[in-house]
file entry-v8.cif (mmCIF, C-alpha atoms)
data_work
#
loop_
_atom_site.label_atom_id
_atom_site.label_comp_id
_atom_site.auth_asym_id
_atom_site.auth_seq_id
_atom_site.Cartn_x
_atom_site.Cartn_y
_atom_site.Cartn_z
CA MET I 11 110.08 14.31 184.72
CA ALA I 12 107.90 13.84 181.74
CA GLU I 13 108.32 16.40 179.02
CA MET I 14 105.46 18.80 178.65
CA ARG I 15 104.21 18.90 175.10
CA LYS I 16 103.90 22.39 173.70
CA PRO I 17 100.31 23.03 172.66
CA ALA I 18 99.84 23.24 168.91
CA ALA I 19 99.03 26.62 167.45
CA PRO I 20 95.28 26.94 167.06
CA LEU I 21 94.06 26.66 163.52
CA ALA I 22 90.86 28.50 164.17
CA GLY I 23 91.58 32.15 163.44
CA ARG I 24 87.95 32.98 163.83
CA ASN I 25 85.82 35.18 166.03
CA CYS I 26 82.93 33.60 167.82
CA ASP I 27 80.74 36.47 166.65
CA ASP I 28 81.33 35.66 163.00
CA PRO I 29 78.43 34.21 161.07
CA LYS I 30 77.80 30.53 161.61
CA ILE I 31 80.09 28.02 159.95
CA ASP I 32 78.44 27.01 156.71
CA TYR I 33 78.40 23.45 155.41
CA LYS I 34 78.84 24.75 151.86
CA GLU I 35 82.35 26.07 152.50
CA VAL I 36 84.08 22.78 152.01
CA ALA I 37 87.53 24.28 151.53
CA TYR I 38 87.29 25.85 154.99
CA LEU I 39 85.92 22.74 156.66
CA ALA I 40 88.62 20.58 155.10
CA LYS I 41 91.21 22.36 157.22
CA PHE I 42 89.70 20.89 160.36
CA VAL I 43 89.79 17.22 159.53
CA THR I 44 92.63 14.71 159.59
CA ASN I 45 94.01 12.98 156.50
CA GLN I 46 91.47 10.27 157.10
CA ALA I 47 88.69 12.87 157.34
CA GLN I 48 88.11 12.65 161.09
CA VAL I 49 87.13 15.89 162.77
CA LEU I 50 90.06 17.39 164.67
CA SER I 51 89.78 17.75 168.41
CA ARG I 52 89.34 21.08 170.10
CA LYS I 53 92.93 20.89 171.23
CA ARG I 54 94.00 20.92 167.62
CA THR I 55 91.48 23.36 166.22
CA GLY I 56 91.59 25.89 169.05
CA PHE I 57 87.86 26.53 168.72
CA CYS I 58 85.71 27.43 171.69
CA SER I 59 83.10 24.85 172.57
CA GLN I 60 80.29 26.62 170.72
CA CYS I 61 82.36 27.08 167.58
CA GLN I 62 83.54 23.48 167.70
CA ARG I 63 79.93 22.39 167.88
CA GLU I 64 79.09 24.49 164.85
CA LEU I 65 82.06 23.01 163.04
CA LYS I 66 80.99 19.49 163.88
CA GLN I 67 77.47 20.16 162.68
CA ALA I 68 78.67 21.72 159.44
CA ILE I 69 81.02 18.83 158.67
CA LYS I 70 78.27 16.32 159.33
CA ARG I 71 75.96 18.15 156.98
CA ALA I 72 78.61 18.32 154.29
CA ARG I 73 79.21 14.59 154.68
CA HIS I 74 75.55 13.80 154.30
CA LEU I 75 75.42 15.62 150.97
CA GLY I 76 78.53 13.92 149.63
CA LEU I 77 80.59 17.08 149.78
CA MET I 78 83.03 15.56 152.24
CA PRO I 79 83.99 11.97 152.92
CA PHE I 80 83.21 10.06 156.10
CA VAL I 81 86.49 8.21 155.82
CA GLN I 82 89.26 8.44 153.35
CA MET M 26 53.83 32.56 157.25
CA GLY M 27 56.14 29.90 158.57
CA ASN M 28 59.87 29.70 158.80
CA THR M 29 62.47 30.28 156.18
CA TYR M 30 64.39 27.16 155.22
CA GLU M 31 67.42 26.45 153.15
CA GLY M 32 67.15 23.29 151.12
CA MET M 33 70.05 21.69 149.29
CA PHE M 34 69.18 18.93 146.88
CA LEU M 35 71.62 16.58 145.22
CA LEU M 36 70.14 15.65 141.86
CA ASP M 37 70.87 12.73 139.61
CA ASN M 38 73.09 13.93 136.81
CA GLN M 39 71.24 11.86 134.22
CA VAL M 40 68.09 13.85 134.86
CA VAL M 41 70.02 17.11 134.98
CA ARG M 42 71.78 16.51 131.67
CA ALA M 43 68.46 15.73 130.01
CA ASP M 44 66.84 19.00 131.05
CA TRP M 45 67.97 21.24 133.86
CA ASN M 46 64.77 23.24 134.09
CA ARG M 47 62.67 20.14 134.39
CA ALA M 48 64.94 18.76 137.09
CA LYS M 49 64.66 22.03 138.96
CA SER M 50 60.90 22.26 138.64
CA ALA M 51 60.57 18.67 139.86
CA VAL M 52 61.94 19.86 143.19
CA THR M 53 60.21 23.23 143.34
CA GLU M 54 56.86 21.68 142.46
CA THR M 55 57.20 19.19 145.30
CA LEU M 56 57.96 22.08 147.61
CA GLN M 57 54.94 24.01 146.40
CA LYS M 58 52.74 20.96 146.74
CA HIS M 59 53.35 21.08 150.46
CA GLY M 60 52.54 24.75 150.68
CA ALA M 61 56.04 26.19 150.45
CA LYS M 62 56.68 29.57 148.96
CA VAL M 63 59.86 29.20 146.94
CA LEU M 64 61.96 32.35 147.33
CA ALA M 65 65.03 31.30 145.42
CA ALA M 66 66.23 28.23 143.57
CA ARG M 67 69.43 28.00 141.66
CA ARG M 68 72.07 25.61 140.44
CA TRP M 69 74.78 25.61 143.05
CA ASP M 70 77.42 23.41 141.53
CA GLU M 71 78.15 20.17 139.82
CA ARG M 72 80.69 18.13 141.69
CA LYS M 73 82.37 14.84 141.99
CA LEU M 74 80.97 13.25 145.12
CA ALA M 75 83.21 12.39 148.03
CA TYR M 76 81.76 8.86 148.01
CA THR M 77 79.36 7.05 145.74
CA ILE M 78 75.68 7.64 146.43
CA LYS M 79 73.23 5.23 144.84
CA GLY M 80 75.96 4.18 142.46
CA LYS M 81 76.62 7.73 141.26
CA THR M 82 79.99 9.42 141.44
CA ARG M 83 78.87 12.86 140.26
CA GLY M 84 75.89 15.01 140.99
CA THR M 85 74.45 18.49 140.64
CA TYR M 86 73.41 20.52 143.64
CA LEU M 87 70.30 22.67 143.71
CA LEU M 88 70.21 25.33 146.40
CA THR M 89 66.78 26.62 147.39
CA TYR M 90 65.30 28.96 149.94
CA PHE M 91 61.64 28.68 150.84
CA GLU M 92 59.06 29.60 153.42
CA LEU M 93 57.05 26.83 154.93
CA GLY M 94 55.04 26.15 158.05
CA GLY M 95 56.84 23.76 160.39
CA ASN M 96 54.31 20.96 159.89
CA GLY M 97 54.91 20.80 156.17
CA VAL M 98 58.54 19.80 156.48
CA ASN M 99 58.03 16.22 157.59
CA GLU M 100 55.45 15.52 154.91
CA MET M 101 57.73 17.06 152.35
CA ARG M 102 60.61 14.85 153.45
CA ARG M 103 58.58 11.74 152.71
CA ASP M 104 58.15 12.84 149.10
CA PHE M 105 61.84 13.50 148.62
CA GLU M 106 62.75 10.14 150.14
CA LEU M 107 60.63 8.47 147.45
CA ASP M 108 61.86 10.65 144.60
CA GLU M 109 64.53 8.79 142.64
CA ARG M 110 65.79 11.97 141.01
CA VAL M 111 66.87 13.36 144.36
CA LEU M 112 69.90 11.45 145.62
CA ARG M 113 70.25 13.38 148.86
CA TYR M 114 68.70 16.43 150.38
CA LEU M 115 69.26 18.63 153.40
CA VAL M 116 66.77 21.09 154.85
CA VAL M 117 67.97 23.49 157.52
CA ARG M 118 66.46 26.57 159.14
CA ALA M 119 67.77 29.84 157.73
CA ASP M 120 67.22 33.14 159.52
CA GLN M 121 66.88 34.90 156.22
CA VAL M 122 67.81 34.47 152.61
CA PRO M 123 71.50 35.42 152.31
CA ALA M 124 72.27 38.57 150.37
CA GLY M 125 72.77 37.96 146.68
CA GLU M 126 70.84 34.70 146.56
CA LEU M 127 67.69 36.27 145.15
CA GLU M 128 69.66 37.96 142.39
CA LYS M 129 71.50 34.79 141.45
CA SER M 130 68.26 32.90 141.35
CA ALA M 131 66.57 35.54 139.21
CA GLU M 132 69.54 35.50 136.86
CA GLU M 133 69.06 31.81 136.33
CA SER M 134 65.33 32.11 135.74
CA ALA M 135 65.90 34.80 133.11
CA ALA M 136 65.37 33.78 129.51
CA GLY M 137 68.98 33.99 128.38
CA PHE M 138 70.32 31.56 130.92
CA SER M 139 72.05 28.49 129.62
CA VAL M 140 73.31 25.75 131.85
CA PRO M 141 77.10 25.85 132.07
CA PRO M 142 78.79 22.87 130.50
CA PRO M 143 79.94 20.12 132.83
CA PRO M 144 83.35 20.91 134.27
CA THR M 145 86.20 19.05 132.69
CA GLU M 146 88.48 19.22 135.71
CA GLU M 147 87.43 18.65 139.26
CA SER M 148 88.32 22.08 140.56
CA GLN M 149 85.86 21.75 143.43
CA SER M 150 86.05 18.10 144.36
CA TYR M 151 87.07 17.28 147.89
CA GLU M 152 90.34 15.67 146.84
CA ARG M 153 91.22 18.76 144.85
CA LEU M 154 90.54 21.06 147.79
CA VAL M 155 92.65 19.01 150.15
CA PHE M 156 95.51 17.85 147.98
CA GLY M 157 95.55 20.61 145.36
CA ASP M 158 97.36 19.67 142.20
CA LEU M 159 98.52 16.40 143.73
CA ALA M 160 95.03 15.03 143.18
CA ASP M 161 95.58 15.16 139.42
CA ARG M 162 98.83 13.29 139.44
CA PRO M 163 98.49 9.68 138.39
CA ILE M 164 99.74 7.26 140.97
CA GLN M 165 102.98 5.75 139.72
CA GLU M 166 105.20 3.09 141.07
CA PRO M 167 108.48 4.77 141.88
CA SER M 168 110.91 3.24 139.42
CA ARG M 169 114.63 3.18 140.04
CA HIS M 170 115.53 2.39 136.49
CA GLN M 171 115.35 5.05 133.89
CA PRO M 172 113.44 4.18 130.72
CA GLU M 173 115.74 2.58 128.17
CA SER M 174 115.31 5.34 125.63
CA ASP M 175 117.02 7.73 128.03
CA GLU M 176 120.14 5.63 128.36
CA GLY M 177 122.18 7.88 126.13
CA ALA M 178 121.37 10.91 128.27
CA ASP M 179 122.12 9.07 131.47
CA ALA M 180 125.46 7.64 130.50
CA PRO M 181 127.55 10.75 131.13
CA VAL M 182 125.96 11.32 134.53
CA GLU M 183 126.74 7.80 135.64
CA ALA M 184 130.27 8.15 134.34
CA GLU M 185 130.85 11.25 136.42
CA VAL M 186 130.04 9.65 139.71
CA PRO M 187 132.95 7.22 139.89
CA GLN M 188 135.31 9.95 138.77
CA ALA M 189 134.16 12.28 141.52
CA ALA M 190 134.47 9.47 144.04
CA ALA M 191 137.93 8.69 142.78
CA ALA M 192 138.92 12.35 143.04
CA GLU M 193 137.85 12.46 146.68
CA GLU M 194 139.79 9.32 147.51
CA SER M 195 143.05 10.48 145.99
#
call {"tool": "encode", "arguments": {"input": "entry-v8.cif", "output": "structure tokens"}}
result
Amino acid sequence: MAEMRKPAAPLAGRNCDDPKIDYKEVAYLAKFVTNQAQVLSRKRTGFCSQCQRELKQAIKRARHLGLMPFVQ
Amino acid sequence: MGNTYEGMFLLDNQVVRADWNRAKSAVTETLQKHGAKVLAARRWDERKLAYTIKGKTRGTYLLTYFELGGNGVNEMRRDFELDERVLRYLVVRADQVPAGELEKSAEESAAGFSVPPPPTEESQSYERLVFGDLADRPIQEPSRHQPESDEGADAPVEAEVPQAAAAEES
């Protein structure tokens, strides 16, 4: 039988009611990307779908302004 | 009036170094030209960019909040696309001006304000945030051989190893 992989601990630590994720908080956003600056999947971040969408949007905005890389 | 927007503008550092207030007014005047009411405008930060934009590796960010009717935004965009001083810009809807922004903006407009000197270390660059102090470290080839000048210091250490090995064997 295939081994079941234990789910990774969610990184999120965030309430969905908190204010929206801001593209200016680069230090916070940087936690949710891989070494190559890809956005982590929901499995890895532990965000709910709405929060993940906010995260995605914020990272894309930060990338546009040159605050975060597209690839590294 | 219209909606409240947050506008972030990435300005060419050459223009900023020449005169910050003129660089700032270049943006605010374009906003006003399209009927915006500028609520706050302040220097956000100067940073090393995560990738080169129009050949620039550094830039200064201007954070603004303004009120504008929805129709004005697209016309305003056209002007910023043409403006060579603005490397990048981002305009997003804001529900209201965040607390503290008005004060920070007023502080900057006050007479005594002087533009902070350019940062010497990249405390806020992306690499710094991700890798911490590692970002500063120069990349070195790992060398197995000690520099020759250290030979004297190394000699006793090397001498000890065979002795220890010999002691274990016996």
call {"tool": "resolve_selection", "arguments": {"input": "entry-v8.cif", "expression": "the PyMOL selection byres ((chain M) within 12 of (chain I))", "output": "PyMOL selection string"}}
result
chain M and resi 31-36+69-79+81-88+111-117+119-120+123+148-157
call {"tool": "atom_distance", "arguments": {"input": "entry-v8.cif", "atom1": "CA of Tyr90 (chain M)", "atom2": "CA of Glu35 (chain I)"}}
result
17.5 Å
call {"tool": "resolve_selection", "arguments": {"input": "entry-v8.cif", "expression": "the PyMOL selection byres ((chain M and resi 56-66) around 10)", "output": "PyMOL selection string"}}
result
chain M and resi 26-33+49-55+67-69+87-94+96-102+104-105+122+126-131+133-134
call {"tool": "residues_around", "arguments": {"input": "entry-v8.cif", "residues": "region 59-64 of chain I", "least_positions_apart": "4", "cutoff": "9 Å", "atoms": "all atoms listed in the file", "output": "number ranges by chain"}}
result
I: 24-26, 30-32, 51-52, 55, 68-69
call {"tool": "write_last_selection", "arguments": {"input": "entry-v8.cif", "atoms": "C-alpha atoms", "output": "mmCIF file, in the coordinates of the input"}}
result
data_model
loop_
_atom_site.group_PDB
_atom_site.id
_atom_site.type_symbol
_atom_site.label_atom_id
_atom_site.label_comp_id
_atom_site.auth_asym_id
_atom_site.auth_seq_id
_atom_site.Cartn_x
_atom_site.Cartn_y
_atom_site.Cartn_z
ATOM 1 C CA ARG I 24 87.950 32.980 163.830
ATOM 2 C CA ASN I 25 85.820 35.180 166.030
ATOM 3 C CA CYS I 26 82.930 33.600 167.820
ATOM 4 C CA LYS I 30 77.800 30.530 161.610
ATOM 5 C CA ILE I 31 80.090 28.020 159.950
ATOM 6 C CA ASP I 32 78.440 27.010 156.710
ATOM 7 C CA SER I 51 89.780 17.750 168.410
ATOM 8 C CA ARG I 52 89.340 21.080 170.100
ATOM 9 C CA THR I 55 91.480 23.360 166.220
ATOM 10 C CA ALA I 68 78.670 21.720 159.440
ATOM 11 C CA ILE I 69 81.020 18.830 158.670
#
call {"tool": "atom_distance", "arguments": {"input": "entry-v8.cif", "atom1": "CA of Val40 (chain M)", "atom2": "CA of Lys70 (chain I)"}}
result
26.6 Å
call {"tool": "atom_distance", "arguments": {"input": "entry-v8.cif", "atom1": "CA of Asn46 (chain M)", "atom2": "CA of Ala135 (chain M)"}}
result
11.7 Å
call {"tool": "decode", "arguments": {"input": "entry-v8.cif", "residues": "region 40-63 of chain I", "atoms": "N, CA, C and O atoms", "output": "PDB file, in the first residue's frame"}}
result
ATOM      1  N   ALA I  40       6.620  37.124   0.608  1.00  0.00           N
ATOM      2  CA  ALA I  40       7.772  36.291   0.243  1.00  0.00           C
ATOM      3  C   ALA I  40       7.707  34.932   0.917  1.00  0.00           C
ATOM      4  O   ALA I  40       8.362  33.990   0.474  1.00  0.00           O
ATOM      5  N   LYS I  41       6.934  34.814   1.986  1.00  0.00           N
ATOM      6  CA  LYS I  41       6.816  33.517   2.654  1.00  0.00           C
ATOM      7  C   LYS I  41       6.040  32.518   1.819  1.00  0.00           C
ATOM      8  O   LYS I  41       6.119  31.310   2.041  1.00  0.00           O
ATOM      9  N   PHE I  42       5.249  33.021   0.888  1.00  0.00           N
ATOM     10  CA  PHE I  42       4.343  32.139   0.151  1.00  0.00           C
ATOM     11  C   PHE I  42       4.771  31.907  -1.282  1.00  0.00           C
ATOM     12  O   PHE I  42       3.943  31.672  -2.159  1.00  0.00           O
ATOM     13  N   VAL I  43       6.066  32.017  -1.528  1.00  0.00           N
ATOM     14  CA  VAL I  43       6.578  31.672  -2.848  1.00  0.00           C
ATOM     15  C   VAL I  43       7.742  30.695  -2.676  1.00  0.00           C
ATOM     16  O   VAL I  43       8.359  30.631  -1.617  1.00  0.00           O
ATOM     17  N   THR I  44       7.992  29.928  -3.747  1.00  0.00           N
ATOM     18  CA  THR I  44       9.101  28.983  -3.694  1.00  0.00           C
ATOM     19  C   THR I  44      10.414  29.732  -3.870  1.00  0.00           C
ATOM     20  O   THR I  44      10.431  30.935  -4.084  1.00  0.00           O
ATOM     21  N   ASN I  45      11.519  28.979  -3.802  1.00  0.00           N
ATOM     22  CA  ASN I  45      12.837  29.585  -4.016  1.00  0.00           C
ATOM     23  C   ASN I  45      12.931  30.251  -5.375  1.00  0.00           C
ATOM     24  O   ASN I  45      13.679  31.189  -5.560  1.00  0.00           O
ATOM     25  N   GLN I  46      12.185  29.708  -6.328  1.00  0.00           N
ATOM     26  CA  GLN I  46      12.224  30.283  -7.667  1.00  0.00           C
ATOM     27  C   GLN I  46      11.133  31.314  -7.859  1.00  0.00           C
ATOM     28  O   GLN I  46      10.860  31.722  -8.985  1.00  0.00           O
ATOM     29  N   ALA I  47      10.470  31.693  -6.766  1.00  0.00           N
ATOM     30  CA  ALA I  47       9.468  32.763  -6.765  1.00  0.00           C
ATOM     31  C   ALA I  47       8.129  32.368  -7.383  1.00  0.00           C
ATOM     32  O   ALA I  47       7.342  33.224  -7.757  1.00  0.00           O
ATOM     33  N   GLN I  48       7.859  31.066  -7.482  1.00  0.00           N
ATOM     34  CA  GLN I  48       6.504  30.655  -7.864  1.00  0.00           C
ATOM     35  C   GLN I  48       5.590  30.754  -6.653  1.00  0.00           C
ATOM     36  O   GLN I  48       6.017  30.503  -5.526  1.00  0.00           O
ATOM     37  N   VAL I  49       4.322  31.044  -6.893  1.00  0.00           N
ATOM     38  CA  VAL I  49       3.365  31.082  -5.795  1.00  0.00           C
ATOM     39  C   VAL I  49       3.130  29.655  -5.304  1.00  0.00           C
ATOM     40  O   VAL I  49       2.963  28.741  -6.107  1.00  0.00           O
ATOM     41  N   LEU I  50       3.126  29.467  -3.993  1.00  0.00           N
ATOM     42  CA  LEU I  50       2.870  28.147  -3.438  1.00  0.00           C
ATOM     43  C   LEU I  50       1.403  27.756  -3.631  1.00  0.00           C
ATOM     44  O   LEU I  50       0.520  28.612  -3.661  1.00  0.00           O
ATOM     45  N   SER I  51       1.185  26.457  -3.715  1.00  0.00           N
ATOM     46  CA  SER I  51      -0.179  25.975  -3.883  1.00  0.00           C
ATOM     47  C   SER I  51      -0.958  26.093  -2.579  1.00  0.00           C
ATOM     48  O   SER I  51      -0.380  26.296  -1.506  1.00  0.00           O
ATOM     49  N   ARG I  52      -2.241  25.949  -2.695  1.00  0.00           N
ATOM     50  CA  ARG I  52      -3.078  26.033  -1.493  1.00  0.00           C
ATOM     51  C   ARG I  52      -2.749  24.921  -0.507  1.00  0.00           C
ATOM     52  O   ARG I  52      -2.900  25.080   0.695  1.00  0.00           O
ATOM     53  N   LYS I  53      -2.320  23.803  -1.036  1.00  0.00           N
ATOM     54  CA  LYS I  53      -1.933  22.705  -0.142  1.00  0.00           C
ATOM     55  C   LYS I  53      -0.799  23.142   0.770  1.00  0.00           C
ATOM     56  O   LYS I  53      -0.725  22.739   1.916  1.00  0.00           O
ATOM     57  N   ARG I  54       0.101  23.917   0.211  1.00  0.00           N
ATOM     58  CA  ARG I  54       1.264  24.329   0.990  1.00  0.00           C
ATOM     59  C   ARG I  54       0.960  25.531   1.874  1.00  0.00           C
ATOM     60  O   ARG I  54       1.483  25.655   2.966  1.00  0.00           O
ATOM     61  N   THR I  55       0.155  26.453   1.368  1.00  0.00           N
ATOM     62  CA  THR I  55      -0.083  27.667   2.148  1.00  0.00           C
ATOM     63  C   THR I  55      -1.137  27.463   3.216  1.00  0.00           C
ATOM     64  O   THR I  55      -1.108  28.108   4.260  1.00  0.00           O
ATOM     65  N   GLY I  56      -2.108  26.575   2.954  1.00  0.00           N
ATOM     66  CA  GLY I  56      -3.187  26.379   3.910  1.00  0.00           C
ATOM     67  C   GLY I  56      -4.227  27.476   3.883  1.00  0.00           C
ATOM     68  O   GLY I  56      -5.057  27.562   4.785  1.00  0.00           O
ATOM     69  N   PHE I  57      -4.192  28.336   2.869  1.00  0.00           N
ATOM     70  CA  PHE I  57      -5.187  29.402   2.760  1.00  0.00           C
ATOM     71  C   PHE I  57      -6.518  28.842   2.274  1.00  0.00           C
ATOM     72  O   PHE I  57      -6.555  27.832   1.559  1.00  0.00           O
ATOM     73  N   CYS I  58      -7.599  29.504   2.642  1.00  0.00           N
ATOM     74  CA  CYS I  58      -8.884  29.195   2.030  1.00  0.00           C
ATOM     75  C   CYS I  58      -8.869  29.776   0.617  1.00  0.00           C
ATOM     76  O   CYS I  58      -7.973  30.539   0.259  1.00  0.00           O
ATOM     77  N   SER I  59      -9.868  29.414  -0.177  1.00  0.00           N
ATOM     78  CA  SER I  59      -9.793  29.801  -1.587  1.00  0.00           C
ATOM     79  C   SER I  59      -9.815  31.318  -1.757  1.00  0.00           C
ATOM     80  O   SER I  59      -9.107  31.865  -2.604  1.00  0.00           O
ATOM     81  N   GLN I  60     -10.619  32.001  -0.943  1.00  0.00           N
ATOM     82  CA  GLN I  60     -10.676  33.461  -1.068  1.00  0.00           C
ATOM     83  C   GLN I  60      -9.345  34.096  -0.705  1.00  0.00           C
ATOM     84  O   GLN I  60      -8.871  35.009  -1.395  1.00  0.00           O
ATOM     85  N   CYS I  61      -8.745  33.594   0.392  1.00  0.00           N
ATOM     86  CA  CYS I  61      -7.476  34.179   0.829  1.00  0.00           C
ATOM     87  C   CYS I  61      -6.384  33.899  -0.181  1.00  0.00           C
ATOM     88  O   CYS I  61      -5.522  34.749  -0.433  1.00  0.00           O
ATOM     89  N   GLN I  62      -6.410  32.691  -0.752  1.00  0.00           N
ATOM     90  CA  GLN I  62      -5.400  32.341  -1.754  1.00  0.00           C
ATOM     91  C   GLN I  62      -5.516  33.256  -2.959  1.00  0.00           C
ATOM     92  O   GLN I  62      -4.530  33.677  -3.539  1.00  0.00           O
ATOM     93  N   ARG I  63      -6.735  33.599  -3.291  1.00  0.00           N
ATOM     94  CA  ARG I  63      -6.960  34.488  -4.428  1.00  0.00           C
ATOM     95  C   ARG I  63      -6.406  35.880  -4.128  1.00  0.00           C
ATOM     96  O   ARG I  63      -5.775  36.497  -4.979  1.00  0.00           O
TER      97      ARG I  63
END
